[in-house]
Each structure stands twice: as structure tokens, then as C-alpha cells.
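Coordinates from upload-v8.txt are shown below (compact mmCIF, C-alpha atoms and all ligand atoms).
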```txt
# COMPACT_ATOMS: atom_id res chain seq x y z
CA MET O 1 -20.72 -13.54 20.18
CA SER O 2 -16.90 -13.47 20.11
CA ARG O 3 -15.11 -10.73 18.21
CA LEU O 4 -13.99 -13.27 15.61
CA ASP O 5 -17.53 -14.58 15.15
CA GLU O 6 -18.79 -11.03 14.73
CA LEU O 7 -16.13 -10.24 12.12
CA ARG O 8 -16.95 -13.45 10.27
CA GLN O 9 -20.34 -11.94 9.38
CA ARG O 10 -18.50 -9.69 6.91
CA LYS O 11 -18.55 -10.46 3.21
CA SER O 12 -15.10 -9.18 2.20
CA VAL O 13 -12.31 -11.39 0.87
CA LYS O 14 -10.57 -11.24 4.22
CA TRP O 15 -13.45 -13.05 5.87
CA ARG O 16 -14.74 -15.23 3.07
CA ARG O 17 -11.65 -16.59 1.36
CA PHE O 18 -10.71 -19.22 3.93
CA ALA O 19 -12.62 -21.69 6.12
CA GLU O 20 -14.27 -20.39 9.29
CA ASP O 21 -11.61 -21.77 11.62
CA VAL O 22 -8.84 -19.73 9.96
CA ILE O 23 -7.70 -16.44 11.52
CA PRO O 24 -7.37 -14.23 8.43
CA MET O 25 -4.23 -12.09 8.34
CA HIS O 26 -3.61 -12.02 4.61
CA VAL O 27 -5.24 -9.25 2.55
CA ALA O 28 -4.66 -5.62 3.60
CA GLU O 29 -7.98 -4.75 5.24
CA MET O 30 -8.44 -3.63 8.83
CA ASP O 31 -11.08 -4.84 11.24
CA PHE O 32 -11.89 -1.56 13.01
CA PRO O 33 -15.19 0.33 12.61
CA LEU O 34 -15.15 2.98 9.86
CA SER O 35 -14.71 6.68 10.50
CA PRO O 36 -18.14 8.15 11.38
CA ALA O 37 -17.74 10.81 8.65
CA ILE O 38 -17.28 8.15 5.95
CA LYS O 39 -20.24 6.14 7.24
CA ASN O 40 -22.44 9.25 7.27
CA SER O 41 -21.38 10.29 3.81
CA LEU O 42 -22.14 6.85 2.32
CA ILE O 43 -25.46 6.57 4.18
CA GLU O 44 -26.44 10.05 3.03
CA MET O 45 -25.78 9.18 -0.60
CA ILE O 46 -27.88 6.05 -0.36
CA GLU O 47 -30.66 7.95 1.41
CA ASN O 48 -30.53 10.59 -1.34
CA ASP O 49 -30.77 7.86 -4.01
CA ASP O 50 -27.50 9.29 -5.30
CA LEU O 51 -25.82 6.29 -6.91
CA GLY O 52 -25.37 7.49 -10.47
CA TYR O 53 -22.15 7.69 -12.47
CA ALA O 54 -19.27 9.48 -10.82
CA TYR O 55 -18.15 12.94 -11.87
CA PRO O 56 -14.57 14.16 -11.26
CA LEU O 57 -15.55 16.50 -8.42
CA ASP O 58 -13.29 19.47 -7.54
CA GLU O 59 -13.76 18.59 -3.87
CA LEU O 60 -11.64 15.47 -4.38
CA GLY O 61 -8.50 17.39 -5.40
CA GLN O 62 -9.20 20.08 -2.83
CA SER O 63 -9.67 17.67 0.07
CA PHE O 64 -6.62 15.61 -0.94
CA SER O 65 -4.44 18.74 -1.24
CA SER O 66 -5.47 20.15 2.08
CA PHE O 67 -5.04 16.74 3.79
CA SER O 68 -1.52 16.55 2.34
CA ASP O 69 -0.79 20.10 3.46
CA ARG O 70 -2.12 19.49 6.99
CA HIS O 71 -0.32 16.20 7.51
CA TRP O 72 2.84 16.50 5.43
CA GLY O 73 3.28 20.22 4.73
CA PHE O 74 2.95 19.84 0.97
CA LEU O 75 0.12 21.29 -1.13
CA PRO O 76 -0.41 19.28 -4.34
CA LYS O 77 -1.99 21.12 -7.28
CA SER O 78 -5.63 20.23 -6.72
CA GLU O 79 -6.62 20.93 -10.32
CA MET O 80 -4.25 18.17 -11.43
CA VAL O 81 -5.86 15.46 -9.28
CA PHE O 82 -7.98 12.94 -11.20
CA PRO O 83 -10.14 10.12 -9.86
CA VAL O 84 -9.58 6.55 -10.94
CA THR O 85 -11.24 3.23 -10.08
CA ASP O 86 -8.51 2.25 -7.64
CA VAL O 87 -4.75 2.40 -7.30
CA GLY O 88 -4.31 -0.86 -9.21
CA VAL O 89 -6.18 0.57 -12.18
CA ALA O 90 -4.13 3.78 -11.93
CA GLY O 91 -0.93 1.71 -11.99
CA VAL O 92 -1.91 -0.42 -14.97
CA GLU O 93 -3.45 2.41 -17.02
CA LEU O 94 -0.55 4.79 -16.39
CA LEU O 95 2.00 2.12 -17.30
CA ARG O 96 0.10 1.49 -20.52
CA ALA O 97 -0.02 5.23 -21.22
CA LEU O 98 3.61 5.94 -20.36
CA VAL O 99 5.15 2.94 -22.12
CA PRO O 100 2.70 1.84 -24.80
CA GLY O 101 3.57 -1.67 -25.90
CA GLY O 102 5.54 -2.24 -22.71
CA GLY O 103 8.89 -1.23 -21.31
CA ARG O 104 11.14 -1.82 -18.33
CA VAL O 105 9.66 -1.11 -14.92
CA LEU O 106 11.75 -1.05 -11.75
CA VAL O 107 10.53 -2.20 -8.32
CA ASN O 108 12.24 -2.82 -4.99
CA SER O 109 11.66 -6.33 -3.66
CA PRO O 110 10.37 -7.56 -1.33
CA ILE O 111 7.42 -5.78 -2.89
CA TYR O 112 3.61 -5.70 -2.75
CA ALA O 113 2.61 -8.72 -4.83
CA SER O 114 0.26 -6.89 -7.20
CA PHE O 115 3.03 -4.67 -8.62
CA ARG O 116 4.20 -7.72 -10.53
CA LYS O 117 0.70 -8.25 -11.90
CA TRP O 118 0.26 -4.60 -12.90
CA ILE O 119 3.55 -4.75 -14.81
CA SER O 120 2.74 -7.96 -16.69
CA GLU O 121 -0.82 -6.76 -17.35
CA SER O 122 0.60 -3.68 -19.04
CA LYS O 123 3.01 -5.87 -21.06
CA SER O 124 6.11 -4.50 -19.38
CA GLN O 125 9.11 -6.28 -17.98
CA ILE O 126 9.82 -6.23 -14.25
CA ILE O 127 13.29 -5.15 -13.09
CA ASP O 128 14.43 -5.33 -9.47
CA ALA O 129 16.68 -3.30 -7.22
CA PRO O 130 16.06 -5.15 -3.93
CA LEU O 131 15.89 -3.28 -0.64
CA ARG O 132 18.92 -3.48 1.67
CA LEU O 133 18.81 -4.42 5.33
CA VAL O 134 20.67 -1.84 7.43
CA GLU O 135 20.63 -2.22 11.21
CA ASN O 136 17.36 -4.12 11.12
CA SER O 137 15.62 -1.61 8.81
CA TRP O 138 14.90 -2.16 5.13
CA VAL O 139 16.08 0.76 2.98
CA LEU O 140 16.35 1.69 -0.68
CA ASP O 141 19.62 0.73 -2.33
CA LEU O 142 20.50 3.83 -4.32
CA ASP O 143 23.58 2.29 -5.97
CA GLN O 144 21.53 -0.58 -7.34
CA ILE O 145 18.76 1.77 -8.41
CA GLU O 146 21.26 3.89 -10.33
CA GLN O 147 22.78 0.78 -11.89
CA ARG O 148 19.34 -0.39 -13.08
CA PHE O 149 18.57 3.12 -14.39
CA LYS O 150 21.85 3.04 -16.35
CA GLU O 151 20.91 -0.31 -17.86
CA GLY O 152 17.59 1.19 -18.97
CA VAL O 153 14.38 1.76 -17.01
CA ASP O 154 11.25 3.50 -18.30
CA VAL O 155 9.22 3.71 -15.12
CA TYR O 156 10.15 3.31 -11.47
CA LEU O 157 7.22 2.00 -9.46
CA LEU O 158 8.12 3.37 -6.05
CA CYS O 159 6.20 2.07 -3.06
CA SER O 160 6.25 4.82 -0.47
CA PRO O 161 5.79 3.93 2.33
CA HIS O 162 6.85 0.46 1.34
CA ASN O 163 4.57 -2.58 1.49
CA PRO O 164 5.47 -5.14 2.98
CA VAL O 165 8.38 -3.80 5.03
CA GLY O 166 6.59 -0.68 6.30
CA ALA O 167 9.45 1.71 5.51
CA ALA O 168 8.81 5.43 5.18
CA HIS O 169 11.65 6.44 2.85
CA SER O 170 14.00 9.26 3.89
CA LYS O 171 13.90 12.69 2.29
CA GLU O 172 17.53 12.31 1.22
CA ASP O 173 16.78 9.06 -0.61
CA LEU O 174 13.76 10.56 -2.34
CA ILE O 175 15.80 13.59 -3.44
CA SER O 176 18.47 11.26 -4.86
CA ILE O 177 15.83 9.23 -6.69
CA ALA O 178 14.38 12.36 -8.28
CA ASP O 179 17.88 13.47 -9.39
CA LEU O 180 18.65 10.05 -10.84
CA ALA O 181 15.27 9.80 -12.53
CA GLU O 182 15.78 13.13 -14.22
CA ARG O 183 19.32 12.18 -15.30
CA TYR O 184 18.24 8.83 -16.78
CA SER O 185 14.82 9.95 -18.12
CA VAL O 186 12.81 7.70 -15.83
CA THR O 187 9.22 8.47 -14.82
CA VAL O 188 8.54 7.80 -11.15
CA LEU O 189 5.11 6.41 -10.30
CA ALA O 190 4.93 6.97 -6.56
CA ASP O 191 2.35 4.69 -4.95
CA GLU O 192 1.65 6.47 -1.66
CA ILE O 193 -1.45 4.55 -0.61
CA HIS O 194 -0.02 3.70 2.83
CA ALA O 195 1.15 7.24 3.60
CA PRO O 196 -1.51 8.26 6.14
CA LEU O 197 -0.59 5.16 8.18
CA THR O 198 2.97 6.34 8.86
CA HIS O 199 3.70 5.81 12.55
CA SER O 200 4.59 8.62 14.94
CA SER O 201 8.19 7.29 15.02
CA ALA O 202 8.71 8.51 11.43
CA ARG O 203 7.69 11.22 9.01
CA PHE O 204 6.11 10.57 5.64
CA ILE O 205 7.61 12.69 2.84
CA PRO O 206 5.52 12.94 -0.35
CA PHE O 207 7.78 12.24 -3.33
CA ALA O 208 6.44 15.29 -5.19
CA SER O 209 7.40 17.53 -2.28
CA VAL O 210 11.13 16.88 -2.31
CA SER O 211 12.37 18.89 -5.30
CA GLU O 212 11.61 20.53 -8.60
CA GLN O 213 13.01 17.43 -10.31
CA ALA O 214 10.59 15.22 -8.38
CA ARG O 215 7.67 17.34 -9.56
CA GLU O 216 8.92 17.04 -13.16
CA VAL O 217 9.40 13.25 -13.16
CA GLY O 218 6.80 12.10 -10.65
CA ILE O 219 3.16 11.05 -10.67
CA THR O 220 1.50 10.17 -7.37
CA ILE O 221 -1.08 7.40 -7.30
CA THR O 222 -2.96 6.89 -4.09
CA SER O 223 -6.28 6.50 -2.33
CA SER O 224 -7.70 6.98 1.13
CA SER O 225 -9.01 3.42 0.84
CA LYS O 226 -6.09 1.66 2.55
CA SER O 227 -5.76 3.95 5.55
CA PHE O 228 -9.48 4.49 6.02
CA ASN O 229 -10.38 0.91 5.18
CA THR O 230 -12.80 1.37 2.30
CA ALA O 231 -11.17 -0.72 -0.46
CA GLY O 232 -14.52 -2.20 -1.49
CA VAL O 233 -16.14 1.09 -2.51
CA LYS O 234 -13.51 1.61 -5.22
CA GLY O 235 -11.87 4.95 -5.53
CA GLY O 236 -8.32 6.14 -6.10
CA LEU O 237 -6.59 9.17 -7.52
CA MET O 238 -3.72 10.28 -9.73
CA SER O 239 -1.98 13.52 -8.84
CA PHE O 240 0.35 15.38 -11.21
CA GLU O 241 2.56 18.40 -10.57
CA SER O 242 4.01 18.69 -14.09
CA GLU O 243 1.68 19.93 -16.80
CA ALA O 244 3.88 18.24 -19.42
CA LEU O 245 3.77 14.86 -17.70
CA LYS O 246 0.02 15.20 -17.12
CA ASN O 247 -0.52 15.93 -20.82
CA ARG O 248 1.72 13.05 -21.85
CA ALA O 249 -0.19 10.60 -19.65
CA MET O 250 -3.70 11.96 -20.18
CA GLU O 251 -3.35 12.02 -23.97
CA LYS O 252 -2.85 8.27 -23.95
CA LEU O 253 -5.16 7.38 -21.07
CA PRO O 254 -8.62 6.21 -22.19
CA MET O 255 -10.99 9.13 -21.58
CA ALA O 256 -13.26 6.90 -19.56
CA VAL O 257 -10.66 6.20 -16.86
CA PRO O 258 -11.73 8.93 -14.38
CA TYR O 259 -15.39 8.12 -14.99
CA ARG O 260 -14.89 4.47 -14.13
CA THR O 261 -14.54 5.44 -10.47
CA SER O 262 -17.39 4.59 -8.14
CA ILE O 263 -19.40 7.59 -6.92
CA LEU O 264 -19.22 6.05 -3.43
CA GLY O 265 -15.45 5.75 -3.80
CA ILE O 266 -15.12 9.46 -4.53
CA ALA O 267 -17.45 10.35 -1.65
CA SER O 268 -15.52 8.18 0.77
CA MET O 269 -12.19 9.72 -0.30
CA ILE O 270 -13.58 13.22 0.30
CA ALA O 271 -14.98 12.24 3.72
CA SER O 272 -11.67 10.56 4.60
CA TYR O 273 -9.45 13.44 3.58
CA ALA O 274 -11.70 16.23 4.82
CA GLU O 275 -13.33 14.92 7.98
CA SER O 276 -11.57 11.90 9.44
CA ASP O 277 -8.34 13.18 11.02
CA GLN O 278 -9.35 12.18 14.51
CA TRP O 279 -10.25 8.65 13.43
CA LEU O 280 -6.94 8.38 11.57
CA GLY O 281 -4.94 9.49 14.63
CA GLU O 282 -6.68 6.86 16.77
CA THR O 283 -6.12 4.19 14.14
CA VAL O 284 -2.41 4.90 13.80
CA ALA O 285 -2.13 4.73 17.62
CA ARG O 286 -3.88 1.34 17.59
CA ILE O 287 -1.49 0.06 14.91
CA GLU O 288 1.56 1.27 16.83
CA SER O 289 0.31 -0.46 19.93
CA ASN O 290 -0.30 -3.65 17.91
CA PHE O 291 3.30 -3.58 16.68
CA LYS O 292 4.47 -3.26 20.30
CA LEU O 293 2.30 -6.21 21.26
CA LEU O 294 3.55 -8.29 18.32
CA ASN O 295 7.17 -7.55 19.13
CA THR O 296 6.61 -8.46 22.77
CA LEU O 297 4.88 -11.71 21.83
CA LEU O 298 7.66 -12.64 19.40
CA GLU O 299 10.62 -11.44 21.48
CA ASP O 300 11.51 -14.85 22.87
CA LYS O 301 10.44 -16.95 19.87
CA PRO O 302 13.44 -18.50 18.13
CA TRP O 303 11.43 -19.23 14.97
CA VAL O 304 10.92 -15.62 13.94
CA GLU O 305 12.75 -12.34 13.37
CA THR O 306 11.05 -8.98 13.08
CA TYR O 307 12.29 -5.65 11.70
CA ASN O 308 12.00 -1.95 12.50
CA GLN O 309 8.86 -0.83 10.74
CA ASN O 310 7.46 2.67 10.76
CA ALA O 311 4.38 2.56 8.57
CA THR O 312 1.31 0.43 7.84
CA TYR O 313 -0.27 -2.47 9.72
CA LEU O 314 1.61 -5.14 7.77
CA ALA O 315 4.36 -6.99 9.62
CA TRP O 316 7.19 -8.51 7.58
CA LEU O 317 8.37 -11.65 9.34
CA ASN O 318 11.48 -13.71 8.77
CA LEU O 319 10.41 -17.29 9.54
CA GLU O 320 13.77 -18.87 8.69
CA GLY O 321 13.76 -20.42 12.18
CA LEU O 322 10.91 -22.75 11.20
CA GLY O 323 13.28 -24.37 8.71
CA ILE O 324 10.76 -24.71 5.86
CA ASP O 325 10.21 -23.07 2.50
CA ASN O 326 6.84 -21.39 2.19
CA PRO O 327 5.99 -21.35 5.90
CA ALA O 328 2.77 -19.43 5.09
CA SER O 329 1.36 -22.53 3.45
CA GLU O 330 2.09 -24.76 6.48
CA ILE O 331 0.86 -22.09 8.88
CA LEU O 332 -2.42 -22.01 6.96
CA ASP O 333 -2.79 -25.79 6.71
CA LYS O 334 -1.76 -26.74 10.22
CA GLY O 335 -1.88 -23.52 12.24
CA ARG O 336 -5.10 -22.16 10.70
CA VAL O 337 -3.74 -18.62 10.28
CA SER O 338 -3.59 -17.07 6.80
CA LEU O 339 -0.52 -14.97 5.99
CA VAL O 340 0.79 -13.82 2.60
CA ALA O 341 3.72 -15.95 1.42
CA GLY O 342 7.10 -14.25 1.25
CA SER O 343 7.70 -15.54 -2.27
CA ASP O 344 4.69 -13.53 -3.52
CA HIS O 345 6.80 -10.47 -2.76
CA SER O 346 9.65 -11.50 -5.05
CA ILE O 347 9.70 -10.80 -8.78
CA ASP O 348 9.76 -14.48 -9.76
CA ASP O 349 8.44 -16.56 -6.83
CA LYS O 350 12.02 -17.55 -6.04
CA GLY O 351 12.95 -15.03 -3.35
CA TYR O 352 11.86 -14.48 0.26
CA LEU O 353 10.81 -18.14 0.49
CA ARG O 354 11.07 -18.18 4.26
CA PHE O 355 9.32 -14.89 4.90
CA ALA O 356 5.66 -14.00 5.32
CA ARG O 357 3.51 -10.88 5.69
CA MET O 358 1.10 -10.67 8.59
CA ASN O 359 -1.77 -8.18 8.74
CA ILE O 360 -2.08 -6.81 12.28
CA GLY O 361 -4.77 -4.21 11.54
CA THR O 362 -7.00 -6.00 14.02
CA TYR O 363 -7.76 -6.38 17.72
CA PRO O 364 -5.02 -7.36 20.20
CA GLU O 365 -6.75 -10.58 21.25
CA ILE O 366 -6.81 -11.79 17.64
CA ILE O 367 -3.08 -11.12 17.28
CA GLU O 368 -2.48 -13.04 20.53
CA GLN O 369 -4.52 -16.02 19.31
CA ALA O 370 -2.73 -16.09 15.95
CA ILE O 371 0.72 -16.03 17.54
CA GLU O 372 -0.33 -18.76 19.98
CA ARG O 373 -1.37 -20.95 17.06
CA ILE O 374 1.82 -20.34 15.08
CA ASN O 375 3.94 -20.92 18.18
CA ALA O 376 2.16 -24.22 18.85
CA LEU O 377 2.94 -25.27 15.28
CA ALA O 378 6.59 -24.22 15.73
CA GLN O 379 6.87 -26.50 18.78
CA THR O 380 6.00 -29.51 16.62
CA ARG O 381 8.93 -28.92 14.29
C1 LIG O 401 1.19 -0.44 -2.22
C2 LIG O 401 -0.21 -0.75 -2.59
N1 LIG O 401 -0.73 -0.22 -3.71
C3 LIG O 401 -1.99 -0.48 -4.10
C4 LIG O 401 -2.80 -1.31 -3.35
C5 LIG O 401 -4.18 -1.63 -3.84
O1 LIG O 401 -4.92 -0.49 -3.95
P1 LIG O 401 -6.34 -0.52 -4.65
O2 LIG O 401 -7.21 -1.39 -3.83
O3 LIG O 401 -6.74 0.92 -4.64
O4 LIG O 401 -6.11 -1.05 -6.03
C6 LIG O 401 -2.31 -1.88 -2.18
C7 LIG O 401 -3.17 -2.79 -1.40
O5 LIG O 401 -2.81 -3.33 -0.41
C8 LIG O 401 -0.99 -1.60 -1.80
O6 LIG O 401 -0.47 -2.12 -0.68
```

Just give me the structure as C-alpha cells.
Amino acid sequence: MSRLDELRQRKSVKWRRFAEDVIPMHVAEMDFPLSPAIKNSLIEMIENDDLGYAYPLDELGQSFSSFSDRHWGFLPKSEMVFPVTDVGVAGVELLRALVPGGGRVLVNSPIYASFRKWISESKSQIIDAPLRLVENSWVLDLDQIEQRFKEGVDVYLLCSPHNPVGAAHSKEDLISIADLAERYSVTVLADEIHAPLTHSSARFIPFASVSEQAREVGITITSSSKSFNTAGVKGGLMSFESEALKNRAMEKLPMAVPYRTSILGIASMIASYAESDQWLGETVARIESNFKLLNTLLEDKPWVETYNQNATYLAWLNLEGLGIDNPASEILDKGRVSLVAGSDHSIDDKGYLRFARMNIGTYPEIIEQAIERINALAQTR
């Protein structure tokens, strides 16, 4: 059986959403086998008939804190870590709690498509300070961020590292954001779900680690699910450093929120953070090598431009050279490869029309086949 045929046995959205002849490179799931520690932990729970309601276990905060300390040199307060169904639920529930009735929420486009949905679901208005392109890298635009803060922002939904451009933000930028947020009374919701997948060419800096101000204004929302590929078992966490901010959020948050986590989700987070470092190292190396392969395959292709990326397995592609709006749609219809449309990463469907996001968290031969298909399509234009 070919690798693709084997993967098609899976039941996740990646493998079931499109017809069987499509190479799926849309949703952010990887194709690699799970970490043995996660597998064992989930199997053990099933064998122990241990599938009751979740309890906010101390081990979650402890394993997350020590993972953060080991990898990034920052020890979050483990007693202020709370489980939540997933990072999406954390985002929506915290926005509802922080700005009841809705407010103004800042993002940096091009941005992970669901941020827009979280913001509308919580009845808030989306505000944009787009990223800037500097020497082929996408970076935060601090002047624009300050301008938006001046005009009025309640919450800044910071994607760090950034999906889809795979940017690990610099310490200097994060320090400036914390200063500005304090000055303009903005709460920073730092979504750090991609952090463990920062490449060896960069360093991930937790927002809460950068300054006292950051700890006062920031809430981290994250999960091991993206980096350790367990999105389906449902588990995320919220991590506070400021007692005052924790009280402000938790007072408004429905009491049931932590209990709505899956017991398997909590177990897989603990196994990821406590026992899967070796697997993670190997996975990041695979992703780095996939980026090298992708860049080599695309080097001489006039229809595409790539960028410097230093986190995640999501490649942000400029497909201007194909000369069509919404190339993802044509690539799906005629090339039989599913990408995420660039416009999904704008705040109103009007931006990034000629871009697309490609998931390369897969095997090299699948990347090669996908590029071959897209290149064949490009030749017909
Ligand atoms: C930045 C970011 N946040 C959140 C999520 C979704 O997380 P969850 O499945 O825990 O809701 C994703 C998924 O790709 C993501 O890229």
C-alpha cells in the first residue's frame, strides 16, 4: 500500500474532507506517527476504563511549566494553569470574559483564519495591524500596533509564533508590545500553540517571560495538540501570571470551562510536555528538512515566492505568478491538492487573494507529488 493510501485510512478532517484523489495540505495536522509516550498514556487510560469526566490535574500545570523551563528558560506559575477544551474555546471564552458584550480585538494579518471566527463568535469587532515584509521575513509592525492601540483596542490576539507566516517574534518586539499594552490598557491574549515547533534557526520567547509588564497584561493560551499532533483528543490550557488578571477572567468565565476538557486531552498534554522531548526534536528536524526540500523544489518556479519562516510546518506561498485570484480553489479543482486560501487569512476575505497556505507536516514524497501537480497546472496557464 502506498503511503498516501495508508494515510487515507484515517478518519480526521484532513483525510476525509476531500475526494480520494486530492493530496490534502489544508488543515494543520501532521502525518507522522504519535510520540510513543502519548500513545502509551492513551492506551493505558482505555485499558484502565478511565474515561470519566476530566479533573484539573496539578500535573498539567507542572508538566507545562517544566517543559517551558526546559525549552525556553521560563517557568510559568503552575498553579495558575487551567485546562480548557481547546485553544479555540479558550480564545472565545476569554474574549467573552474580558470584554462582555464585545469590544475591539486586534490581530495581525495574514492571520490564522479561526481568529476571525473567535472574534465574531464573542461579538467583538476585528481590528488589523498587518504584518510587514522586511527582507523576505514577515514581522510585527509596532507603529501600526501602537496606532491601533491609540484608536482603542481591548484585547490583542497575538499569534506567537505566527500562523501562517511561521514567524517567531523577537524579544524586543514582545517587550515593546507589553509596554504598549500596559500604556493603553490592552490585554494580550498570546496564542502560543505553535511554540514547540520553532525551528533551530530561531528561538521562541514566551510572551509572559519578557517583562513584568507582560506578566501583568498577558494571558497565554496554548496546547500541546498542534506540536504533538493530537488535536482530536481535545485539550488546551490557559496560563496566567497575574493574580488580578486571573481573577478578572475567572470571575466571568463559566465555571464549567475547565471541566469541559476531555480527560484524554489532559492526559495527552501531560505525556507530551513531560515525556516526548525526543519525539519533538525529531519532528522539528523533519519539518526543517521539509522546508529545505520545498524551497529547493520551488527555487526555479516562476509562479511562486516563498519567505523566511522559522516556526511551524505551514508554508505561506505567494502565488501571484499564477495570475489568478484564489489560486487555492483552482489548485484544488484542477491540480487535486488542497491548500488554505490566502483570503481566509485576511480580516474580510479581500486581502491575500493570491496567496495560499500549504501544510508540509508530511512525508517528502508527498510534498514532491503535490509540487509536481501544482507545477503541471502552472504550465497550462
Ligand atoms: C494559532 C492557532 N491557534 C489555535 C489553533 C486551534 O487550536 P485548537 O485545536 O486547540 O482549538 C490553531 C490550529 O491550527 C492555530 O494555528

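The residue that comes closest to O:Trp279, out of O:Phe228, O:Glu212, O:Arg336, O:Asp86 and on the basis of only C-alpha atoms, is O:Phe228.
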
Practice item. For atom CA of O:Ile270 and atom CA of O:Gly166, quote the distance in Å rounded to one decimal. Key: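 Between atom CA of O:Ile270 and atom CA of O:Gly166 the gap works out to 25.2 Å.
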
Exercise for review: Residues up to 6 Å from ligand LIG 401 (chain O), counting all atoms listed in the file: could you list those as a ChimeraX atom specification?
Suggested key: /O:28,86-88,112,159,163,191,193,231,236

Check your understanding: With only C-alpha atoms as the basis for distance, which of O:Ile263, O:Asp348, O:Thr380, O:Asn359 is at the shortest distance from O:Leu42?
Key ->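 Among the listed residues, the smallest separation from O:Leu42 belongs to O:Ile263.
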
Point to revise | Nearby residues (all atoms listed in the file) at most 7 Å from O:Ser122, same-chain spacing under 6 positions excluded, as a count of residues only | key: 4

Point to revise | Pairwise distance for atom CA of O:Glu192 and atom CA of O:Pro206, rounded to one decimal in Å | key: 7.7 Å

Sel. within 9 Å of pt (-13.4, -12.9, 9.3), counting all atoms listed in the file, output as a PDB file with C-alpha atoms, in the frame of the given file:
```pdb
ATOM      1  CA  LEU O   4     -13.990 -13.270  15.610  1.00  0.00           C
ATOM      2  CA  ASP O   5     -17.530 -14.580  15.150  1.00  0.00           C
ATOM      3  CA  GLU O   6     -18.790 -11.030  14.730  1.00  0.00           C
ATOM      4  CA  LEU O   7     -16.130 -10.240  12.120  1.00  0.00           C
ATOM      5  CA  ARG O   8     -16.950 -13.450  10.270  1.00  0.00           C
ATOM      6  CA  GLN O   9     -20.340 -11.940   9.380  1.00  0.00           C
ATOM      7  CA  ARG O  10     -18.500  -9.690   6.910  1.00  0.00           C
ATOM      8  CA  LYS O  11     -18.550 -10.460   3.210  1.00  0.00           C
ATOM      9  CA  SER O  12     -15.100  -9.180   2.200  1.00  0.00           C
ATOM     10  CA  VAL O  13     -12.310 -11.390   0.870  1.00  0.00           C
ATOM     11  CA  LYS O  14     -10.570 -11.240   4.220  1.00  0.00           C
ATOM     12  CA  TRP O  15     -13.450 -13.050   5.870  1.00  0.00           C
ATOM     13  CA  ARG O  16     -14.740 -15.230   3.070  1.00  0.00           C
ATOM     14  CA  ARG O  17     -11.650 -16.590   1.360  1.00  0.00           C
ATOM     15  CA  PHE O  18     -10.710 -19.220   3.930  1.00  0.00           C
ATOM     16  CA  GLU O  20     -14.270 -20.390   9.290  1.00  0.00           C
ATOM     17  CA  VAL O  22      -8.840 -19.730   9.960  1.00  0.00           C
ATOM     18  CA  ILE O  23      -7.700 -16.440  11.520  1.00  0.00           C
ATOM     19  CA  PRO O  24      -7.370 -14.230   8.430  1.00  0.00           C
ATOM     20  CA  ASP O  31     -11.080  -4.840  11.240  1.00  0.00           C
TER      21      ASP O  31
END
```

Review point. Which of these, O:Gln125, O:Ser289, O:Thr312, O:Thr187, has the shortest distance to O:Phe240 once you count only C-alpha atoms?
Key: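 Result for the nearest residue to O:Phe240: O:Thr187.
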
Review point. Of the candidates O:Val139, O:Leu237, O:Ile374, O:Ala19, which shows the shortest atom-to-atom distance to O:Val257, using all atoms listed in the file?
Key: O:Leu237

Point to revise | Nearest to O:Val337 by atom-to-atom distance, counting all atoms listed in the file, from O:Ala97, O:Met1, O:Leu377, O:Leu158 | key: O:Leu377

Practice item. Write out as a ChimeraX atom specification the residues lying within 10 Å of O:Gly265, counting all atoms listed in the file and excluding same-chain residues fewer than 5 positions away. Key: /O:42,54,83-86,223-225,230-236,270-271

**Study point:** Shell around O:Arg203 at 10 Å using all atoms listed in the file, local window under 5 positions removed, as a ChimeraX atom specification
**Key:** /O:71-72,168-171,195,198,310-311

Exercise for review: Tell me, as a VMD selection string, which residues lie within 10 Å of O:Asn375, counting all atoms listed in the file; anything in the same chain fewer than 5 positions away does not count.
Suggested key: chain O and resid 297 to 298 301 to 304 331 335 369 to 370 380

**Study point:** Nearest to O:Ile360, chosen from O:Lys117, O:Lys292, O:Arg373, O:Arg248, with only C-alpha atoms counted in the distances
**Key:**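 For O:Ile360, the nearest of the given residues is O:Lys292.
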